[in-house]
Structures are given as structure tokens and as C-alpha cells.
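Structure file input.cif with mmCIF, N, CA and C atoms:
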```cif
data_final
loop_
_atom_site.group_PDB
_atom_site.id
_atom_site.type_symbol
_atom_site.label_atom_id
_atom_site.label_comp_id
_atom_site.auth_asym_id
_atom_site.auth_seq_id
_atom_site.Cartn_x
_atom_site.Cartn_y
_atom_site.Cartn_z
ATOM 1 N N MET A 1 9.441 -108.111 -6.429
ATOM 2 C CA MET A 1 10.728 -108.206 -7.096
ATOM 3 C C MET A 1 11.077 -109.684 -7.303
ATOM 4 N N LYS A 2 11.533 -109.982 -8.490
ATOM 5 C CA LYS A 2 12.013 -111.319 -8.834
ATOM 6 C C LYS A 2 13.537 -111.279 -8.847
ATOM 7 N N LYS A 3 14.185 -112.348 -8.448
ATOM 8 C CA LYS A 3 15.645 -112.333 -8.374
ATOM 9 C C LYS A 3 16.200 -113.682 -8.829
ATOM 10 N N ILE A 4 17.253 -113.607 -9.655
ATOM 11 C CA ILE A 4 17.958 -114.799 -10.125
ATOM 12 C C ILE A 4 19.429 -114.643 -9.749
ATOM 13 N N ILE A 5 20.021 -115.691 -9.259
ATOM 14 C CA ILE A 5 21.455 -115.693 -8.963
ATOM 15 C C ILE A 5 22.107 -116.707 -9.888
ATOM 16 N N ILE A 6 23.097 -116.256 -10.647
ATOM 17 C CA ILE A 6 23.833 -117.131 -11.551
ATOM 18 C C ILE A 6 25.240 -117.291 -10.992
ATOM 19 N N SER A 7 25.661 -118.521 -10.807
ATOM 20 C CA SER A 7 27.017 -118.758 -10.319
ATOM 21 C C SER A 7 27.604 -119.967 -11.043
ATOM 22 N N SER A 8 28.905 -119.971 -11.159
ATOM 23 C CA SER A 8 29.606 -121.077 -11.799
ATOM 24 C C SER A 8 30.995 -121.199 -11.198
ATOM 25 N N LYS A 9 31.430 -122.431 -11.014
ATOM 26 C CA LYS A 9 32.760 -122.656 -10.460
ATOM 27 C C LYS A 9 33.783 -122.975 -11.548
ATOM 28 N N ASP A 10 33.318 -123.319 -12.731
ATOM 29 C CA ASP A 10 34.250 -123.737 -13.777
ATOM 30 C C ASP A 10 34.111 -122.913 -15.056
ATOM 31 N N ILE A 11 33.859 -121.616 -14.907
ATOM 32 C CA ILE A 11 33.733 -120.740 -16.061
ATOM 33 C C ILE A 11 35.019 -119.928 -16.201
ATOM 34 N N THR A 12 35.474 -119.774 -17.441
ATOM 35 C CA THR A 12 36.687 -118.988 -17.665
ATOM 36 C C THR A 12 36.337 -117.503 -17.632
ATOM 37 N N ALA A 13 37.353 -116.669 -17.524
ATOM 38 C CA ALA A 13 37.140 -115.223 -17.496
ATOM 39 C C ALA A 13 36.497 -114.745 -18.798
ATOM 40 N N LYS A 14 36.920 -115.303 -19.917
ATOM 41 C CA LYS A 14 36.349 -114.910 -21.216
ATOM 42 C C LYS A 14 34.883 -115.332 -21.310
ATOM 43 N N GLN A 15 34.573 -116.535 -20.851
ATOM 44 C CA GLN A 15 33.188 -116.990 -20.867
ATOM 45 C C GLN A 15 32.318 -116.116 -19.962
ATOM 46 N N TRP A 16 32.852 -115.738 -18.809
ATOM 47 C CA TRP A 16 32.114 -114.892 -17.877
ATOM 48 C C TRP A 16 31.833 -113.524 -18.507
ATOM 49 N N THR A 17 32.850 -112.960 -19.154
ATOM 50 C CA THR A 17 32.687 -111.666 -19.810
ATOM 51 C C THR A 17 31.614 -111.752 -20.891
ATOM 52 N N ASN A 18 31.662 -112.795 -21.709
ATOM 53 C CA ASN A 18 30.664 -112.961 -22.770
ATOM 54 C C ASN A 18 29.264 -113.130 -22.198
ATOM 55 N N LEU A 19 29.140 -113.873 -21.107
ATOM 56 C CA LEU A 19 27.845 -114.068 -20.462
ATOM 57 C C LEU A 19 27.290 -112.729 -19.968
ATOM 58 N N VAL A 20 28.118 -111.944 -19.318
ATOM 59 C CA VAL A 20 27.691 -110.636 -18.808
ATOM 60 C C VAL A 20 27.255 -109.730 -19.959
ATOM 61 N N LEU A 21 28.022 -109.706 -21.037
ATOM 62 C CA LEU A 21 27.674 -108.856 -22.182
ATOM 63 C C LEU A 21 26.373 -109.313 -22.846
ATOM 64 N N GLU A 22 26.139 -110.612 -22.900
ATOM 65 C CA GLU A 22 24.889 -111.116 -23.470
ATOM 66 C C GLU A 22 23.712 -110.775 -22.567
ATOM 67 N N LEU A 23 23.905 -110.869 -21.258
ATOM 68 C CA LEU A 23 22.838 -110.481 -20.337
ATOM 69 C C LEU A 23 22.531 -108.991 -20.472
ATOM 70 N N ASN A 24 23.553 -108.196 -20.726
ATOM 71 C CA ASN A 24 23.345 -106.761 -20.931
ATOM 72 C C ASN A 24 22.538 -106.502 -22.201
ATOM 73 N N ILE A 25 22.770 -107.283 -23.237
ATOM 74 C CA ILE A 25 21.971 -107.157 -24.466
ATOM 75 C C ILE A 25 20.511 -107.483 -24.160
ATOM 76 N N LEU A 26 20.277 -108.552 -23.397
ATOM 77 C CA LEU A 26 18.905 -108.897 -23.011
ATOM 78 C C LEU A 26 18.267 -107.781 -22.191
ATOM 79 N N LYS A 27 19.046 -107.185 -21.298
ATOM 80 C CA LYS A 27 18.552 -106.075 -20.491
ATOM 81 C C LYS A 27 18.083 -104.931 -21.380
ATOM 82 N N LYS A 28 18.877 -104.609 -22.399
ATOM 83 C CA LYS A 28 18.513 -103.530 -23.326
ATOM 84 C C LYS A 28 17.245 -103.871 -24.109
ATOM 85 N N GLU A 29 17.112 -105.118 -24.539
ATOM 86 C CA GLU A 29 15.945 -105.533 -25.318
ATOM 87 C C GLU A 29 14.671 -105.556 -24.474
ATOM 88 N N TRP A 30 14.804 -105.827 -23.192
ATOM 89 C CA TRP A 30 13.647 -105.911 -22.295
ATOM 90 C C TRP A 30 13.284 -104.567 -21.684
ATOM 91 N N ARG A 31 13.996 -103.513 -22.056
ATOM 92 C CA ARG A 31 13.794 -102.187 -21.469
ATOM 93 C C ARG A 31 12.331 -101.741 -21.502
ATOM 94 N N ASN A 32 11.605 -102.057 -22.563
ATOM 95 C CA ASN A 32 10.205 -101.644 -22.689
ATOM 96 C C ASN A 32 9.263 -102.486 -21.834
ATOM 97 N N HIS A 33 9.715 -103.647 -21.393
ATOM 98 C CA HIS A 33 8.842 -104.578 -20.679
ATOM 99 C C HIS A 33 9.093 -104.614 -19.172
ATOM 100 N N ALA A 34 10.350 -104.439 -18.776
ATOM 101 C CA ALA A 34 10.685 -104.540 -17.356
ATOM 102 C C ALA A 34 12.002 -103.833 -17.085
ATOM 103 N N THR A 35 12.184 -103.421 -15.846
ATOM 104 C CA THR A 35 13.441 -102.834 -15.425
ATOM 105 C C THR A 35 14.312 -103.953 -14.870
ATOM 106 N N ILE A 36 15.432 -104.195 -15.515
ATOM 107 C CA ILE A 36 16.336 -105.274 -15.111
ATOM 108 C C ILE A 36 17.630 -104.653 -14.622
ATOM 109 N N ASP A 37 18.108 -105.154 -13.488
ATOM 110 C CA ASP A 37 19.338 -104.649 -12.895
ATOM 111 C C ASP A 37 20.367 -105.775 -12.868
ATOM 112 N N LEU A 38 21.532 -105.520 -13.432
ATOM 113 C CA LEU A 38 22.647 -106.458 -13.357
ATOM 114 C C LEU A 38 23.612 -105.944 -12.306
ATOM 115 N N SER A 39 23.915 -106.758 -11.337
ATOM 116 C CA SER A 39 24.841 -106.321 -10.298
ATOM 117 C C SER A 39 25.796 -107.455 -9.950
ATOM 118 N N GLY A 40 26.962 -107.069 -9.538
ATOM 119 C CA GLY A 40 27.983 -108.030 -9.158
ATOM 120 C C GLY A 40 29.341 -107.375 -9.261
ATOM 121 N N GLN A 41 30.326 -108.055 -8.760
ATOM 122 C CA GLN A 41 31.674 -107.505 -8.752
ATOM 123 C C GLN A 41 32.221 -107.435 -10.178
ATOM 124 N N GLY A 42 32.580 -106.236 -10.618
ATOM 125 C CA GLY A 42 33.196 -106.036 -11.921
ATOM 126 C C GLY A 42 32.241 -105.960 -13.095
ATOM 127 N N ILE A 43 30.933 -106.078 -12.851
ATOM 128 C CA ILE A 43 29.951 -106.088 -13.948
ATOM 129 C C ILE A 43 29.969 -104.764 -14.714
ATOM 130 N N LYS A 44 29.983 -103.654 -13.989
ATOM 131 C CA LYS A 44 29.955 -102.338 -14.628
ATOM 132 C C LYS A 44 31.177 -102.150 -15.530
ATOM 133 N N ASN A 45 32.326 -102.565 -15.052
ATOM 134 C CA ASN A 45 33.567 -102.447 -15.819
ATOM 135 C C ASN A 45 33.517 -103.317 -17.082
ATOM 136 N N ILE A 46 33.017 -104.535 -16.960
ATOM 137 C CA ILE A 46 32.910 -105.444 -18.117
ATOM 138 C C ILE A 46 31.998 -104.833 -19.170
ATOM 139 N N ILE A 47 30.855 -104.309 -18.742
ATOM 140 C CA ILE A 47 29.889 -103.738 -19.688
ATOM 141 C C ILE A 47 30.463 -102.484 -20.352
ATOM 142 N N THR A 48 31.127 -101.631 -19.558
ATOM 143 C CA THR A 48 31.709 -100.412 -20.113
ATOM 144 C C THR A 48 32.764 -100.731 -21.162
ATOM 145 N N LYS A 49 33.679 -101.609 -20.838
ATOM 146 C CA LYS A 49 34.746 -101.955 -21.787
ATOM 147 C C LYS A 49 34.224 -102.786 -22.948
ATOM 148 N N GLY A 50 33.236 -103.620 -22.705
ATOM 149 C CA GLY A 50 32.687 -104.474 -23.756
ATOM 150 C C GLY A 50 31.861 -103.726 -24.774
ATOM 151 N N ASN A 51 31.361 -102.544 -24.407
ATOM 152 C CA ASN A 51 30.543 -101.757 -25.329
ATOM 153 C C ASN A 51 31.319 -100.651 -26.010
ATOM 154 N N MET A 52 32.621 -100.562 -25.757
ATOM 155 C CA MET A 52 33.437 -99.532 -26.403
ATOM 156 C C MET A 52 33.553 -99.812 -27.894
ATOM 157 N N LYS A 53 33.529 -98.741 -28.674
ATOM 158 C CA LYS A 53 33.751 -98.877 -30.106
ATOM 159 C C LYS A 53 35.228 -98.658 -30.367
ATOM 160 N N VAL A 54 35.829 -99.552 -31.106
ATOM 161 C CA VAL A 54 37.258 -99.503 -31.373
ATOM 162 C C VAL A 54 37.479 -99.024 -32.796
ATOM 163 N N LYS A 55 38.379 -98.061 -32.952
ATOM 164 C CA LYS A 55 38.730 -97.601 -34.285
ATOM 165 C C LYS A 55 39.650 -98.627 -34.926
ATOM 166 N N PRO A 56 39.398 -98.998 -36.174
ATOM 167 C CA PRO A 56 40.295 -99.950 -36.829
ATOM 168 C C PRO A 56 41.675 -99.332 -37.042
ATOM 169 N N SER A 57 42.693 -100.100 -36.784
ATOM 170 C CA SER A 57 44.051 -99.604 -36.977
ATOM 171 C C SER A 57 44.503 -99.876 -38.404
ATOM 172 N N LYS A 58 45.590 -99.249 -38.806
ATOM 173 C CA LYS A 58 46.123 -99.466 -40.148
ATOM 174 C C LYS A 58 46.614 -100.895 -40.303
ATOM 175 N N GLU A 59 47.064 -101.484 -39.201
ATOM 176 C CA GLU A 59 47.552 -102.868 -39.254
ATOM 177 C C GLU A 59 46.425 -103.848 -39.547
ATOM 178 N N ALA A 60 45.208 -103.475 -39.166
ATOM 179 C CA ALA A 60 44.071 -104.358 -39.361
ATOM 180 C C ALA A 60 43.540 -104.311 -40.794
ATOM 181 N N HIS A 61 44.117 -103.450 -41.629
ATOM 182 C CA HIS A 61 43.656 -103.315 -43.006
ATOM 183 C C HIS A 61 43.940 -104.600 -43.783
ATOM 184 N N VAL A 62 42.924 -105.117 -44.438
ATOM 185 C CA VAL A 62 43.069 -106.302 -45.262
ATOM 186 C C VAL A 62 43.177 -105.847 -46.705
ATOM 187 N N PRO A 63 44.233 -106.222 -47.397
ATOM 188 C CA PRO A 63 44.387 -105.782 -48.787
ATOM 189 C C PRO A 63 43.292 -106.387 -49.674
ATOM 190 N N ASP A 64 43.001 -105.668 -50.745
ATOM 191 C CA ASP A 64 42.017 -106.157 -51.692
ATOM 192 C C ASP A 64 42.510 -107.431 -52.355
ATOM 193 N N ILE A 65 41.596 -108.284 -52.682
ATOM 194 C CA ILE A 65 41.947 -109.545 -53.358
ATOM 195 C C ILE A 65 42.193 -109.242 -54.836
ATOM 196 N N VAL A 66 43.319 -109.671 -55.320
ATOM 197 C CA VAL A 66 43.659 -109.457 -56.724
ATOM 198 C C VAL A 66 43.316 -110.712 -57.491
ATOM 199 N N GLU A 67 42.509 -110.557 -58.521
ATOM 200 C CA GLU A 67 42.148 -111.702 -59.339
ATOM 201 C C GLU A 67 43.053 -111.742 -60.558
ATOM 202 N N PHE A 68 43.440 -112.919 -60.932
ATOM 203 C CA PHE A 68 44.327 -113.090 -62.094
ATOM 204 C C PHE A 68 43.549 -113.481 -63.303
#
```
Is it possible to express this structure as C-alpha cells?
Amino acid sequence: MKKIIISSKDITAKQWTNLVLELNILKKEWRNHATIDLSGQGIKNIITKGNMKVKPSKEAHVPDIVEF
């Protein structure tokens, strides 16, 4: 077994979330080559919420551009 520990003292919560989600993408891409396990406090929750598909709301609708 190979093991890597990643730690940072000056990372923001948003940066940490993005890092975890990117590592999860790498995990998915490496599925055919190796079994990779991501573990740590809150990792499962970050991945679950980060992979949710959000329905666009009516407020997010961008009107069509009108050309004159």
C-alpha cells in the first residue's frame, strides 16, 4: 500500500473543497488502474454535495440578446 498525506495550514475552506473534488475526479479517472481511497474528516460530505446536480432556477434565466 502506498500512502500520501496532504496537509495545509493556510488553505481556505473553498480551496480545500475544490482540492477534494479534484482529487475525486482523479480517483474516478484512475479507477481502471488502481483502487484509490480518499479519507479524512468531512471528505464524504464534500464529495456528495459537490457532485450534486442542480436544477437551474427561473431567476438564473439569461434573456436572449436582442440585436438592433
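Across A:Ile5, A:Ile11, A:Leu38, A:Val66, the tightest approach to Leu23 in chain A is made by A:Leu38 when counting only N, CA and C atoms.
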- Item | 8 Å contact set for range 47-52 of chain A, all atoms listed in the file, chain neighbours under 3 positions out, as a ChimeraX atom specification | /A:17,20-21,24,42-44,55
- Message: I'd like the interatomic distance between CA of Gly40 in chain A and CA of Met1 in chain A, to a tenth of an Å.
- Response: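 Pair CA of Gly40 in chain A / CA of Met1 in chain A returns 17.4 Å.
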- Query: Between atom C of Thr35 in chain A and CA of Lys9 in chain A, what is the spacing in Å?
  - Reply: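 Pair CA of Lys9 in chain A / atom C of Thr35 in chain A returns 26.6 Å.
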- Task: Provide the CA of Val54 in chain A to CA of Thr12 in chain A distance in Å, to one decimal place.
- Result: 23.8 Å
- Message: Calculated over only C-alpha atoms, which of the candidates A:Ile46, A:Ile4, A:Ile65, A:Ile36 has the smallest distance to Leu19 in chain A?
- Response: A:Ile46
- Message: Using DSSP secondary structure from the backbone, list all helix (DSSP H, G or I) positions within chain A, as a PyMOL selection string.
- Response: chain A and resi 13-29+43-50+58-60
